[in-house]
Structure formats: structure tokens, C-alpha cells
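Below is one structure; the comments refer to it alone.
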Amino acid sequence: MNLFELTISQINQGLKKKEFSALDLCQTYFKEIKDKDKKISSFLSLSESSALSQAKEVDDLIKDNQEIGPLAGVPCAIKDNILVQDIKCTAGSKILENYVAPYDATVIKKLKKQKAIIVGKTNLDEFAMGSSTENSAFGPTHNPNDLTRVPGGSSGGSAAAVAANLSRYSLGSDTGGSIRLPASFCGVVGLKPTYGAVSRYGLIAFASSLDQIGPFAKTIEDCKIVFDAIKGEDEMDSTSAPLKNENLNFNIENLKIGVPKEYFVKGIDPEVEKIIKGAIKKYEEAGAKIEEVSLPNTEYALPAYYIISPSEASANLARFDGIKYGYSEDKKNNLLDVYLDSRGKGFGPEVRRRIMIGTYALSSGYYEAYYLRAEKVRNLIKNDFEKAFNKVDVLMAPVSPFLPFKIGERIQDPLSMYLVDVYTVSINLAGLPALSLPVGKVGNLPVGLQIIGKPFQEDMILETGRVFENNQK
Ligand code: GLN
């Protein structure tokens with residue numbers, strides 16, 4: 001039996017029927033990690049001994065004929081900006097190189113309650129700022145489909161680990177595209193939930209009004225199982241929202257799909273466009289109604305995002321001062337020098353750039369011209385989506401205008417890196433849920449279709465995704 005081919009529910013069945021043990025499964029995954037991850041570098045740290053002992057616990061429960069949850073014994077990987085108690089959490093930064101998490105994030109508590117097996121922490125752009133994982137202080141992750149290319153970012157390690165079968169599923173975070181982009185570039189399913197659907201408690205904050213934790217998996221069904229496990233209101237996160245369990249009556253023939261015309265303009269790689277349009281055509285053939293819609297403020301999304309997110313980041317990252325957390329330059333009696341040198345040496349160039357942009361945008365005299373204005377644009381973008389969703393149930397678009405690019409190709413030019421996010425940041429500004437679904441390849445390079453939904457309609461976009469997936473079988 002090829003254990004890597006099993007879905008989460010097949011693993012659950014196999015464990016219950018004692019076709020293999022959780023320990024077998026865990027050891028198989030660690031063997032694969034040791035064989036392959038030297039080349040991919042998806043992990044920053046592994047937790048082999050705790051994973052193996054957790055796997056034995058699951059086997060004991062099964063021996064005792066106890067009920068096990070759907071994720072019990074299933075190996076997973078966690079982006080290294082989500083706290084797992086007693087394990088290092090670096091956020092891909094030198095400033096947190098030796099920081100050990102003192103508590104579990106809410107999502108981790110939920111996974112542990114189900115007896116999920118955490119195999120390790122995955123690589124990311126420093127503090128989740130980037131689109132290629134090249135901003136990690138610990139070196140880039142390589143795309144498993146082509147090792148010379150980036151896996152996307154910032155959750156590149158989490159996406160690559162799932163794509164290469166180094167974990168069955170993983171968690172990432174998405175502030176401006178960081179789940180969807182790597183899911184698209186690596187060819188796996190990635191879900192960015194509605195803002196508030198999943199607790200952010202224990203996620204190292206980048207831009208608090210945009211950040212969301214979400215899953216990567218091989219299939220829609222697996223993605224749904226993980227999302228259901230981590231979602232829900234949390235008293236530790238006042239922005240988390242109670243979720244209603246609505247019974248979705250999904251029928252492809254009643255589905256109205258909107259295609260935003262602003263997402264198919266000059267600049268998109270024609271091969272990407274062809275695959276995305278081909279996928280949308282499949283939906284039409286399956287009975288859905290396709291309608292062109294307009295999101296007229298799309299062109300302002302990227303500038304608004306690159307004001308709002310660095311502004312919030314500059315405030316969130318103020319806590320890393322060389323005193324409270326992590327790396328510290330000892331300057332004896334001069335406190336200001338401790339701050340300046342610890343931050344100057346602890347943060348990498350992209351993080352420093354964002355802190356400077358954010359501090360500038362928030363400073364007195366400039367606040368109205370930049371931050372406040374960007375917030376107004378954000379409202380216009382939200383309104384665009386609301387209007388579109390009066391007419392259609394979901395929107396479909398590319399995740400990125402580009403195919404996975406070469407490592408080193410964009411890293412010297414921040415603006416060209418920011419352009420990679422042109423189709424993803426609006427969704428965060430509007431707080432909506434969106435899925436990246438693998439729908440084709442150019443050579444061996446995957447292309448993801450973005451399916452965007454109304455707030456808290458994750459089930460609708462997942463069911464929509466399932467239609468394409470079932471057609472591929
Ligand atoms: N690439 C975007 C940025 O660098 C998004 C990152 C993210 O979603 N964490 O800000």
C-alpha cells in the first residue's frame with residue numbers, strides 16, 4: 001500500500017481497521033522527509049521524537065477501541081509563524097532564531113485535541129513578508145515541481161511539504177496571498193478563510209486586519225476536514241466570529257460564476273490565462289452560468305495593500321526590541337543602541353523596508369495622505385465585491401499572473417515581487433474567503449484557479465472546487 005496516496009479519511013479508515021499503525025505512517029513520512037527535504041528545504045525544524053510518541057498514543061487509543069477524530073495520527077506541518085508550545089518559532093527571522101513558543105496557538109490546541117501529529121515547522125518569508133520564501137533568514141525553499149524555481153510565498157515551506165508528500169496537510173497564513181500563491185505554484189489546494197473564521201491567537205502578527213490562518217492539502221475534501229477542525233470563535237481573539245452551520249444545497253446548475261474583467265488584462269502570462277479560461281469553460285460545460293463582472297477599483301488594491309500592511313507591520317513589529325524577545329545586541333548602558341542594533345541586525349532587508357514604509361505612512365502629516373487614503377480605497381474595493389456578489393455566487397480568477405519563477409529572478413527588485421500579488425491582495429482587503437485549486441500545468445509548472453466567495457461561504461467555494469476535481473477523476 002502506498003501510504004502517500006491515502007486521503008485523510010482513508011488514513012482514518014486504515015488506522016481504525018488496523019491496516020497500518022499511526023507509528024508506521026509517521027515513520028514513513030520521516031523517512032521521506034530525510035530523503036527529500038535536503039533538496040527542497042521546506043522544514044526549518046522537525047519534531048520527530050514528540051511526533052513518534054504522539055503516534056504511539058494514537059495506536060494505543062485504537063487498540064483500546066476508543067473513538068478517534070478525523071485528524072488523529074495524520075502527519076501535518078505548521079508554518080513557523082504559528083506557535084507550538086515548547087518548539088522553536090522563528091518566523092523565518094534571525095531576530096527569533098532561538099525563540100521557543102511558550103504556549104500553543106488556538107489552531108494548534110484544536111489539532112492536538114484531535115491527536116494530529118505535528119512533524120515540523122515550515123519555512124517562510126521573514127515575518128510572512130514576501131511571495132517566494134526567498135526572504136527567509138534561513139535560505140529559500142525550492143519548488144518540488146522544479147527545484148530551480150520558487151514555491152511561492154510566504155507559506156512556501158507549508159505548500160512544498162504537502163506537494164512533496166512530506167506531510168499530509170499543513171497550515172499557513174495569508175495576509176495578501178501567502179496561502180493561495182504557494183498553493184498555486186506548488187500545485188496543491190490552499191484555502192484562505194474569511195477574516196475572523198479562524199482564530200489568530202498564537203499567530204505572530206504581520207498585519208492584524210488582514211492575517212488569516214488556513215490549510216494546504218492535496219484534495220478539497222482534505223482541505224475541508226482541516227478547515228472544519230481549526231475554524232470557529234475563540235475568546236482569545238476578539239476578531240474571530242461565530243460560524244453558523246448552514247446546510248448548503250449545492251447544485252452546479254444553479255451556480256452563477258462571475259469573472260472579473262480587470263483580472264484578465266495586459267501583463268498576465270498567456271499560458272496562465274489559457275489554463276484559467278479553460279477551467280472556467282469546464283464549469284460552463286458542467287451547467288454553471290458564467291457572467292463577466294467588474295471590480296473597477298482593482299488597480300488600486302496593490303498600492304493600498306502596500307500602505308496598509310506595512311503600516312500595521314511597523315506597529316506589530318515594535319515589540320521585537322532586543323529586550324523582550326530573541327536576538328539582542330549587548331550595548332551595556334545604552335538602551336537606545338540595544339534597540340537600534342538588535343533590530344538593525346536581527347531583521348532582514350525586506351522587513352526593514354516594510355517597517356520604514358509603514359512608519360512613514362503613519363507619521364504625523366502623512367497619515368491622512370497615505371494610511372487614511374488607503375483605508376478609503378479599501379472600502380471602495382469591499383463595495384466592488386459586494387456589488388459583484390449581488391449578481392453571482394462565486395468569482396473565478398487566476399491566483400497569479402505568472403508561473404513559478406526562478407529563484408533569484410525577482411528578489412533584487414521589490415516592486416516586481418509585489419506585482420506577483422496583484423490578484424490576491426484585494427481579497428484580504430475585503431476580508432473574503434478564497435481557494436486556490438490546481439487546474440492545469442504548463443510543462444511541469446502548476447497553475448491555480450482562484451475561487452472567491454462571499455463572507456463565511458467557505459463551503460460554497462469548496463463545493464465549487466470539488467466540481468472541477470471530480471471532473472478530473
Ligand atoms: N506577498 C505579500 C506580502 O509580501 C503577502 C504576504 C502574506 O500574505 N503573508 O506582503
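We label chains A, B, ... in the order they appear in the C-alpha cells, count residues from 1 in each chain, and number ligands from 1 in the order shown.
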
query: Hey, which residues come within 7 Å of ligand 1 if we count only C-alpha atoms and all ligand atoms? Could you give them as a list of chain:residue names?
result: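 Answer in the requested format: A:Ala128, A:Met129, A:Gly130, A:Ser131, A:Gly153, A:Ser154, A:Ser173, A:Asp174, A:Thr175, A:Gly176, A:Gly177, A:Ser178, A:Ile179, A:Ser309, A:Tyr418, A:Asp421.
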
Include N, CA and C atoms and write out the residues we just selected as a PDB file, in the first residue's frame.
ATOM      1  N   ALA A 128       6.523  36.524   7.280  1.00  0.00           N
ATOM      2  CA  ALA A 128       5.500  36.313   6.236  1.00  0.00           C
ATOM      3  C   ALA A 128       5.474  37.431   5.192  1.00  0.00           C
ATOM      4  N   MET A 129       6.586  38.156   5.068  1.00  0.00           N
ATOM      5  CA  MET A 129       6.635  39.247   4.090  1.00  0.00           C
ATOM      6  C   MET A 129       7.389  38.791   2.847  1.00  0.00           C
ATOM      7  N   GLY A 130       6.624  38.449   1.823  1.00  0.00           N
ATOM      8  CA  GLY A 130       7.258  38.043   0.584  1.00  0.00           C
ATOM      9  C   GLY A 130       6.365  37.125  -0.209  1.00  0.00           C
ATOM     10  N   SER A 131       6.806  36.797  -1.417  1.00  0.00           N
ATOM     11  CA  SER A 131       5.994  35.985  -2.321  1.00  0.00           C
ATOM     12  C   SER A 131       6.778  34.805  -2.882  1.00  0.00           C
ATOM     13  N   GLY A 153       5.215  32.338  -1.954  1.00  0.00           N
ATOM     14  CA  GLY A 153       5.360  32.699  -0.545  1.00  0.00           C
ATOM     15  C   GLY A 153       4.167  33.469  -0.073  1.00  0.00           C
ATOM     16  N   SER A 154       4.109  33.739   1.198  1.00  0.00           N
ATOM     17  CA  SER A 154       5.186  33.462   2.123  1.00  0.00           C
ATOM     18  C   SER A 154       5.168  32.061   2.721  1.00  0.00           C
ATOM     19  N   SER A 173      -0.372  30.934   6.641  1.00  0.00           N
ATOM     20  CA  SER A 173      -1.126  32.156   6.929  1.00  0.00           C
ATOM     21  C   SER A 173      -1.146  33.003   5.668  1.00  0.00           C
ATOM     22  N   ASP A 174      -2.212  33.780   5.531  1.00  0.00           N
ATOM     23  CA  ASP A 174      -2.425  34.548   4.302  1.00  0.00           C
ATOM     24  C   ASP A 174      -2.813  35.969   4.683  1.00  0.00           C
ATOM     25  N   THR A 175      -1.944  36.915   4.339  1.00  0.00           N
ATOM     26  CA  THR A 175      -2.170  38.334   4.637  1.00  0.00           C
ATOM     27  C   THR A 175      -2.482  39.081   3.349  1.00  0.00           C
ATOM     28  N   GLY A 176      -1.837  38.593   2.260  1.00  0.00           N
ATOM     29  CA  GLY A 176      -2.058  39.220   0.947  1.00  0.00           C
ATOM     30  C   GLY A 176      -1.952  38.190  -0.166  1.00  0.00           C
ATOM     31  N   GLY A 177      -2.005  36.909   0.217  1.00  0.00           N
ATOM     32  CA  GLY A 177      -1.901  35.858  -0.800  1.00  0.00           C
ATOM     33  C   GLY A 177      -1.039  34.680  -0.387  1.00  0.00           C
ATOM     34  N   SER A 178      -0.524  34.717   0.820  1.00  0.00           N
ATOM     35  CA  SER A 178       0.516  33.766   1.241  1.00  0.00           C
ATOM     36  C   SER A 178       0.093  32.321   1.384  1.00  0.00           C
ATOM     37  N   ILE A 179      -1.209  32.016   1.312  1.00  0.00           N
ATOM     38  CA  ILE A 179      -1.606  30.608   1.192  1.00  0.00           C
ATOM     39  C   ILE A 179      -1.868  30.306  -0.278  1.00  0.00           C
ATOM     40  N   SER A 309      -0.609  47.183   4.878  1.00  0.00           N
ATOM     41  CA  SER A 309       0.085  46.071   5.546  1.00  0.00           C
ATOM     42  C   SER A 309       1.410  46.505   6.179  1.00  0.00           C
ATOM     43  N   TYR A 418       6.294  42.503  -5.632  1.00  0.00           N
ATOM     44  CA  TYR A 418       4.955  42.909  -5.162  1.00  0.00           C
ATOM     45  C   TYR A 418       3.888  42.646  -6.233  1.00  0.00           C
ATOM     46  N   ASP A 421       1.483  39.625  -6.397  1.00  0.00           N
ATOM     47  CA  ASP A 421       0.282  39.570  -5.538  1.00  0.00           C
ATOM     48  C   ASP A 421      -0.919  40.306  -6.118  1.00  0.00           C
TER      49      ASP A 421
END

task: Compile the contact shell of A:Leu46 as a PyMOL selection string: residues with an atom at most 7 Å away, counting only C-alpha atoms, same-chain residues fewer than 4 positions apart removed.
output: chain A and resi 119-121

For A:Cys26, work out the shell of residues within 8 Å, counting only C-alpha atoms and skipping chain neighbours fewer than 4 positions away, then give it as a CSV table (one decimal) with all heavy atoms, in the first residue's frame.
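Result saved to part03.csv:
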chain,number,residue,atom,x,y,z
A,22,ALA,N,-0.4,4.2,13.3
A,22,ALA,CA,0.0,5.6,13.2
A,22,ALA,C,1.5,5.7,13.2
A,22,ALA,O,2.1,6.6,12.6
A,22,ALA,CB,-0.7,6.4,14.3
A,30,PHE,N,8.7,10.5,8.0
A,30,PHE,CA,10.0,11.0,8.4
A,30,PHE,C,11.1,10.5,7.4
A,30,PHE,O,12.0,11.2,7.1
A,30,PHE,CB,10.3,10.7,9.9
A,30,PHE,CG,9.8,11.7,10.8
A,30,PHE,CD1,8.7,11.5,11.6
A,30,PHE,CD2,10.4,13.0,10.8
A,30,PHE,CE1,8.2,12.5,12.4
A,30,PHE,CE2,9.9,14.0,11.6
A,30,PHE,CZ,8.8,13.8,12.4
A,51,ALA,N,6.6,13.6,17.8
A,51,ALA,CA,5.7,13.0,16.7
A,51,ALA,C,5.5,11.5,16.9
A,51,ALA,O,4.4,11.0,16.9
A,51,ALA,CB,6.1,13.4,15.3
A,52,LEU,N,6.7,10.8,17.1
A,52,LEU,CA,6.6,9.4,17.2
A,52,LEU,C,5.9,9.0,18.5
A,52,LEU,O,5.1,8.0,18.5
A,52,LEU,CB,8.0,8.8,17.2
A,52,LEU,CG,8.8,8.9,15.8
A,52,LEU,CD1,10.2,8.4,15.9
A,52,LEU,CD2,8.0,8.2,14.7
A,55,ALA,N,2.2,9.5,17.9
A,55,ALA,CA,1.7,8.4,17.1
A,55,ALA,C,1.4,7.1,17.9
A,55,ALA,O,0.4,6.5,17.7
A,55,ALA,CB,2.7,8.1,15.9
A,73,GLY,N,-3.5,10.9,14.2
A,73,GLY,CA,-2.5,10.1,13.6
A,73,GLY,C,-2.1,10.6,12.2
A,73,GLY,O,-1.2,10.0,11.6
A,74,VAL,N,-2.7,11.7,11.7
A,74,VAL,CA,-2.3,12.2,10.4
A,74,VAL,C,-1.2,13.2,10.5
A,74,VAL,O,-1.3,14.2,11.2
A,74,VAL,CB,-3.5,12.8,9.7
A,74,VAL,CG1,-3.2,13.2,8.3
A,74,VAL,CG2,-4.7,11.9,9.7
A,75,PRO,N,-0.1,13.0,9.8
A,75,PRO,CA,1.1,13.9,9.9
A,75,PRO,C,0.8,15.3,9.3
A,75,PRO,O,0.3,15.3,8.1
A,75,PRO,CB,2.2,13.2,9.1
A,75,PRO,CG,1.7,11.7,9.0
A,75,PRO,CD,0.3,11.8,9.0
A,117,ILE,N,-0.6,14.8,14.3
A,117,ILE,CA,0.8,14.6,14.5
A,117,ILE,C,1.6,15.7,13.8
A,117,ILE,O,1.6,15.8,12.6
A,117,ILE,CB,1.3,13.2,13.9
A,117,ILE,CG1,0.4,12.1,14.4
A,117,ILE,CG2,2.7,13.0,14.3
A,117,ILE,CD1,0.5,11.7,15.8

query: From the list A:Ala101, A:Ile220, A:Ile451, A:Leu403, which residue is nearest A:Gly258 when using only C-alpha atoms?
result: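 Closest to A:Gly258 of all the choices is A:Ile451.
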
- request: Identify, on the basis of only C-alpha atoms, every residue whose closest approach to A:Ile33 does not exceed 12 Å; exclude the query and any residue fewer than 5 positions from it along the same chain; express the result as a PyMOL selection string.
  value: chain A and resi 26-28+38-48+75+77+119-120+160-162+164-168

Generate a file of the selected residues that holds N, CA, C and O atoms, formatted as an mmCIF file, in the first residue's frame.
data_model
loop_
_atom_site.group_PDB
_atom_site.id
_atom_site.type_symbol
_atom_site.label_atom_id
_atom_site.label_comp_id
_atom_site.auth_asym_id
_atom_site.auth_seq_id
_atom_site.Cartn_x
_atom_site.Cartn_y
_atom_site.Cartn_z
ATOM 1 N N CYS A 26 3.838 7.571 10.530
ATOM 2 C CA CYS A 26 4.726 8.654 10.964
ATOM 3 C C CYS A 26 6.161 8.367 10.520
ATOM 4 O O CYS A 26 6.848 9.239 9.982
ATOM 5 N N GLN A 27 6.595 7.116 10.704
ATOM 6 C CA GLN A 27 7.973 6.769 10.310
ATOM 7 C C GLN A 27 8.157 6.873 8.802
ATOM 8 O O GLN A 27 9.204 7.307 8.324
ATOM 9 N N THR A 28 7.115 6.492 8.071
ATOM 10 C CA THR A 28 7.182 6.581 6.603
ATOM 11 C C THR A 28 7.381 8.037 6.183
ATOM 12 O O THR A 28 8.198 8.342 5.302
ATOM 13 N N LYS A 38 16.376 17.657 1.956
ATOM 14 C CA LYS A 38 17.677 18.321 1.774
ATOM 15 C C LYS A 38 17.628 19.207 0.538
ATOM 16 O O LYS A 38 18.194 20.283 0.506
ATOM 17 N N LYS A 39 16.927 18.733 -0.480
ATOM 18 C CA LYS A 39 16.867 19.492 -1.743
ATOM 19 C C LYS A 39 15.775 20.549 -1.742
ATOM 20 O O LYS A 39 15.869 21.554 -2.424
ATOM 21 N N ILE A 40 14.689 20.292 -0.998
ATOM 22 C CA ILE A 40 13.538 21.202 -1.059
ATOM 23 C C ILE A 40 13.616 22.287 0.026
ATOM 24 O O ILE A 40 13.237 23.428 -0.187
ATOM 25 N N SER A 41 14.101 21.899 1.198
ATOM 26 C CA SER A 41 14.185 22.818 2.358
ATOM 27 C C SER A 41 12.824 23.392 2.731
ATOM 28 O O SER A 41 12.678 24.604 2.876
ATOM 29 N N SER A 42 11.848 22.509 2.881
ATOM 30 C CA SER A 42 10.554 23.027 3.317
ATOM 31 C C SER A 42 10.482 23.170 4.841
ATOM 32 O O SER A 42 9.693 23.960 5.341
ATOM 33 N N PHE A 43 11.310 22.417 5.567
ATOM 34 C CA PHE A 43 11.243 22.484 7.032
ATOM 35 C C PHE A 43 12.365 23.319 7.634
ATOM 36 O O PHE A 43 13.509 23.260 7.182
ATOM 37 N N LEU A 44 12.012 24.075 8.681
ATOM 38 C CA LEU A 44 13.037 24.756 9.476
ATOM 39 C C LEU A 44 13.397 23.921 10.694
ATOM 40 O O LEU A 44 14.511 23.981 11.199
ATOM 41 N N SER A 45 12.431 23.156 11.214
ATOM 42 C CA SER A 45 12.741 22.255 12.330
ATOM 43 C C SER A 45 11.800 21.062 12.288
ATOM 44 O O SER A 45 10.682 21.150 11.756
ATOM 45 N N LEU A 46 12.283 19.945 12.817
ATOM 46 C CA LEU A 46 11.471 18.727 12.861
ATOM 47 C C LEU A 46 11.227 18.356 14.313
ATOM 48 O O LEU A 46 12.061 18.643 15.178
ATOM 49 N N SER A 47 10.088 17.717 14.565
ATOM 50 C CA SER A 47 9.832 17.280 15.942
ATOM 51 C C SER A 47 9.587 15.781 15.939
ATOM 52 O O SER A 47 8.490 15.312 16.228
ATOM 53 N N GLU A 48 10.644 15.040 15.591
ATOM 54 C CA GLU A 48 10.494 13.607 15.361
ATOM 55 C C GLU A 48 10.126 12.853 16.633
ATOM 56 O O GLU A 48 9.196 12.047 16.632
ATOM 57 N N PRO A 75 -0.062 12.973 9.808
ATOM 58 C CA PRO A 75 1.080 13.888 9.903
ATOM 59 C C PRO A 75 0.795 15.251 9.258
ATOM 60 O O PRO A 75 0.282 15.318 8.140
ATOM 61 N N ALA A 77 2.241 19.640 8.979
ATOM 62 C CA ALA A 77 3.353 20.576 9.144
ATOM 63 C C ALA A 77 2.786 21.964 9.395
ATOM 64 O O ALA A 77 1.707 22.298 8.888
ATOM 65 N N VAL A 119 4.754 17.107 12.477
ATOM 66 C CA VAL A 119 6.099 16.597 12.156
ATOM 67 C C VAL A 119 7.153 17.693 12.168
ATOM 68 O O VAL A 119 8.326 17.420 12.375
ATOM 69 N N GLY A 120 6.745 18.949 11.959
ATOM 70 C CA GLY A 120 7.747 20.005 11.990
ATOM 71 C C GLY A 120 7.175 21.357 11.616
ATOM 72 O O GLY A 120 5.983 21.496 11.338
ATOM 73 N N ALA A 160 5.140 23.435 -0.163
ATOM 74 C CA ALA A 160 6.097 22.472 -0.729
ATOM 75 C C ALA A 160 6.048 21.154 0.037
ATOM 76 O O ALA A 160 6.125 20.081 -0.564
ATOM 77 N N ALA A 161 5.886 21.216 1.364
ATOM 78 C CA ALA A 161 5.859 19.990 2.174
ATOM 79 C C ALA A 161 4.689 19.095 1.767
ATOM 80 O O ALA A 161 4.835 17.877 1.678
ATOM 81 N N VAL A 162 3.539 19.699 1.480
ATOM 82 C CA VAL A 162 2.380 18.903 1.078
ATOM 83 C C VAL A 162 2.578 18.381 -0.355
ATOM 84 O O VAL A 162 2.347 17.210 -0.640
ATOM 85 N N ALA A 164 5.268 17.681 -1.873
ATOM 86 C CA ALA A 164 6.307 16.643 -1.961
ATOM 87 C C ALA A 164 6.010 15.450 -1.063
ATOM 88 O O ALA A 164 6.883 14.607 -0.852
ATOM 89 N N ASN A 165 4.807 15.378 -0.487
ATOM 90 C CA ASN A 165 4.441 14.274 0.410
ATOM 91 C C ASN A 165 5.306 14.207 1.660
ATOM 92 O O ASN A 165 5.645 13.126 2.141
ATOM 93 N N LEU A 166 5.680 15.356 2.180
ATOM 94 C CA LEU A 166 6.453 15.366 3.424
ATOM 95 C C LEU A 166 5.527 15.596 4.613
ATOM 96 O O LEU A 166 5.948 15.522 5.761
ATOM 97 N N SER A 167 4.281 15.925 4.332
ATOM 98 C CA SER A 167 3.231 15.952 5.349
ATOM 99 C C SER A 167 1.919 15.838 4.599
ATOM 100 O O SER A 167 1.858 16.193 3.412
ATOM 101 N N ARG A 168 0.889 15.316 5.285
ATOM 102 C CA ARG A 168 -0.372 15.090 4.556
ATOM 103 C C ARG A 168 -1.097 16.405 4.305
ATOM 104 O O ARG A 168 -1.747 16.611 3.314
#
